[in-house]
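Source file: target-v5.csv; contents: CSV, C-alpha atoms.
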```csv
chain,number,residue,atom,x,y,z
A,1,MET,CA,-15.1,4.7,0.7
A,2,TYR,CA,-12.6,4.0,3.5
A,3,GLY,CA,-9.3,4.9,2.0
A,4,LYS,CA,-8.4,8.0,0.0
A,5,ILE,CA,-5.8,8.9,-2.6
A,6,TYR,CA,-3.0,10.9,-1.0
A,7,ILE,CA,-0.5,12.9,-3.0
A,8,CYS,CA,2.9,13.4,-1.4
A,9,ASN,CA,6.7,13.7,-2.0
A,10,HIS,CA,7.8,10.2,-0.8
A,11,PRO,CA,11.1,9.0,-2.3
A,12,VAL,CA,9.4,5.8,-3.7
A,13,TYR,CA,6.0,7.1,-4.8
A,14,ASN,CA,4.0,10.3,-5.1
A,15,ARG,CA,0.4,8.7,-4.8
A,16,CYS,CA,-0.9,6.1,-2.4
A,17,THR,CA,-4.1,4.9,-0.8
A,18,LEU,CA,-4.2,6.4,2.7
A,19,TYR,CA,-6.3,5.0,5.5
A,20,LEU,CA,-6.8,7.4,8.4
A,21,ILE,CA,-8.2,6.7,11.8
A,22,GLY,CA,-7.9,9.7,14.1
A,23,LYS,CA,-4.4,11.3,13.7
A,24,LYS,CA,-2.8,8.0,12.6
A,25,GLY,CA,-2.5,7.0,9.0
A,26,LEU,CA,-1.2,4.1,6.9
A,27,ALA,CA,-0.3,4.4,3.2
A,28,VAL,CA,-0.7,1.4,1.0
A,29,ILE,CA,1.0,1.3,-2.4
A,30,GLN,CA,0.9,-1.0,-5.5
A,31,GLN,CA,3.4,-1.4,-8.2
A,32,ARG,CA,2.5,-0.8,-11.8
A,33,ARG,CA,4.4,-1.5,-15.1
A,34,ILE,CA,4.6,0.4,-18.4
A,35,PRO,CA,5.1,-2.4,-20.9
A,36,GLU,CA,6.4,-0.2,-23.7
A,37,THR,CA,9.4,1.1,-21.6
A,38,LYS,CA,9.5,-1.9,-19.2
A,39,SER,CA,9.6,0.6,-16.3
A,40,THR,CA,7.7,0.4,-13.1
A,41,TYR,CA,6.3,2.9,-10.6
A,42,TRP,CA,4.4,2.8,-7.3
A,43,THR,CA,1.0,4.3,-6.9
A,44,GLU,CA,-2.4,3.9,-5.1
A,45,ILE,CA,-4.0,0.4,-4.9
A,46,ASP,CA,-6.7,-0.9,-7.2
A,47,PRO,CA,-10.1,0.5,-6.2
A,48,TRP,CA,-11.7,-2.9,-5.6
A,49,LEU,CA,-9.0,-3.6,-2.9
A,50,VAL,CA,-9.7,-0.4,-0.8
A,51,ASP,CA,-12.8,-1.6,0.9
A,52,ALA,CA,-11.8,-5.3,0.9
A,53,LEU,CA,-8.7,-4.4,3.1
A,54,TYR,CA,-10.6,-2.1,5.5
A,55,LEU,CA,-13.4,-4.5,6.0
A,56,ASN,CA,-11.1,-7.5,6.7
A,57,GLU,CA,-11.4,-8.6,10.4
A,58,GLY,CA,-7.6,-8.2,10.9
A,59,PHE,CA,-7.3,-4.7,9.4
A,60,LYS,CA,-7.7,-2.8,12.7
A,61,LYS,CA,-5.0,-4.7,14.5
A,62,PHE,CA,-2.6,-4.4,11.5
A,63,PHE,CA,-3.4,-0.7,11.3
A,64,ASP,CA,-2.7,-0.2,15.0
A,65,ASP,CA,0.6,-2.0,14.7
A,66,ARG,CA,1.9,-0.2,11.6
A,67,ALA,CA,0.2,3.2,11.3
A,68,GLY,CA,1.6,6.4,12.7
A,69,GLU,CA,1.2,10.1,12.7
A,70,CYS,CA,2.1,12.3,9.7
A,71,GLU,CA,5.8,13.3,9.7
A,72,ASP,CA,7.0,15.7,6.9
A,73,ASN,CA,3.7,15.1,5.1
A,74,LEU,CA,4.4,11.3,5.0
A,75,TYR,CA,2.7,8.4,6.7
A,76,PRO,CA,4.1,4.8,7.4
A,77,THR,CA,3.8,2.8,4.2
A,78,VAL,CA,3.3,-0.8,3.3
A,79,THR,CA,2.9,-2.5,-0.1
A,80,ILE,CA,-0.4,-4.2,-1.1
A,81,ARG,CA,1.4,-7.6,-1.0
A,82,GLN,CA,2.6,-7.0,2.6
A,83,ILE,CA,-0.8,-6.1,4.0
A,84,MET,CA,-2.6,-8.9,2.0
A,85,TRP,CA,-0.2,-11.5,3.5
A,86,ALA,CA,-0.6,-10.1,7.0
A,87,LEU,CA,-4.4,-10.2,6.7
A,88,LYS,CA,-4.3,-13.7,5.3
A,89,MET,CA,-6.0,-12.6,2.1
A,90,LYS,CA,-5.1,-14.3,-1.2
A,91,PRO,CA,-2.4,-12.0,-2.5
A,92,LEU,CA,-2.4,-10.7,-6.1
A,93,LYS,CA,-0.5,-12.8,-8.6
A,94,ARG,CA,3.2,-11.9,-8.4
A,95,GLU,CA,4.7,-10.7,-11.6
A,96,ARG,CA,8.3,-11.3,-12.6
A,97,TRP,CA,8.9,-7.6,-12.9
A,98,GLU,CA,7.7,-6.7,-9.3
A,99,THR,CA,10.1,-5.2,-6.8
A,100,CYS,CA,10.2,-6.6,-3.3
A,101,PHE,CA,11.1,-4.5,-0.2
A,102,ASP,CA,13.1,-6.6,2.3
A,103,ARG,CA,12.5,-4.2,5.1
A,104,ARG,CA,9.4,-3.6,7.2
A,105,ASN,CA,9.3,0.1,6.7
A,106,ILE,CA,9.3,1.7,3.3
```
Please, can you express the file's structure as structure tokens?
Amino acid sequence: MYGKIYICNHPVYNRCTLYLIGKKGLAVIQQRRIPETKSTYWTEIDPWLVDALYLNEGFKKFFDDRAGECEDNLYPTVTIRQIMWALKMKPLKRERWETCFDRRNI
């Protein structure tokens, strides 16, 4: 209800969950794994997380700190794990195959 799937040409992903407030947006991505090929890819977050993030009392502050206007059809991006930690939500179980970004901006 609060986020929407956004399709773009980002170097890391081509689908994300986008939260928009006015002209500012924040893209949130989640990593997935294909067991047969042991490959991973980034895409939109699980549907049950979309509203849970938006309705969290700290979401607006996090959004104001990290969101930005669209540049070259791209918005500032965070991983689901980054936003869940920032909002003090219990994060998803970390899998051994998950990639970690060591920089604030993706």
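You can rank A:Asn73, A:Thr17, A:Asn105, A:Thr99 by their closest distance to A:Glu44 using only C-alpha atoms, and at the top of that list sits A:Thr17.
Near A:Leu92, within 10 Å and counting all atoms listed in the file, sit A:Ile80, A:Arg81, A:Met84, A:Trp85; same-chain residues fewer than 6 positions away were not included.
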Report the distance between atom CA of A:Arg32 and atom CA of A:Lys61 in Å, rounded to one decimal place. 27.6 Å
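Note that atom CA of A:Lys23 and atom CA of A:Cys70 are 7.7 Å apart.
Going from atom CA of A:Tyr19 to atom CA of A:Trp97 covers 27.0 Å.
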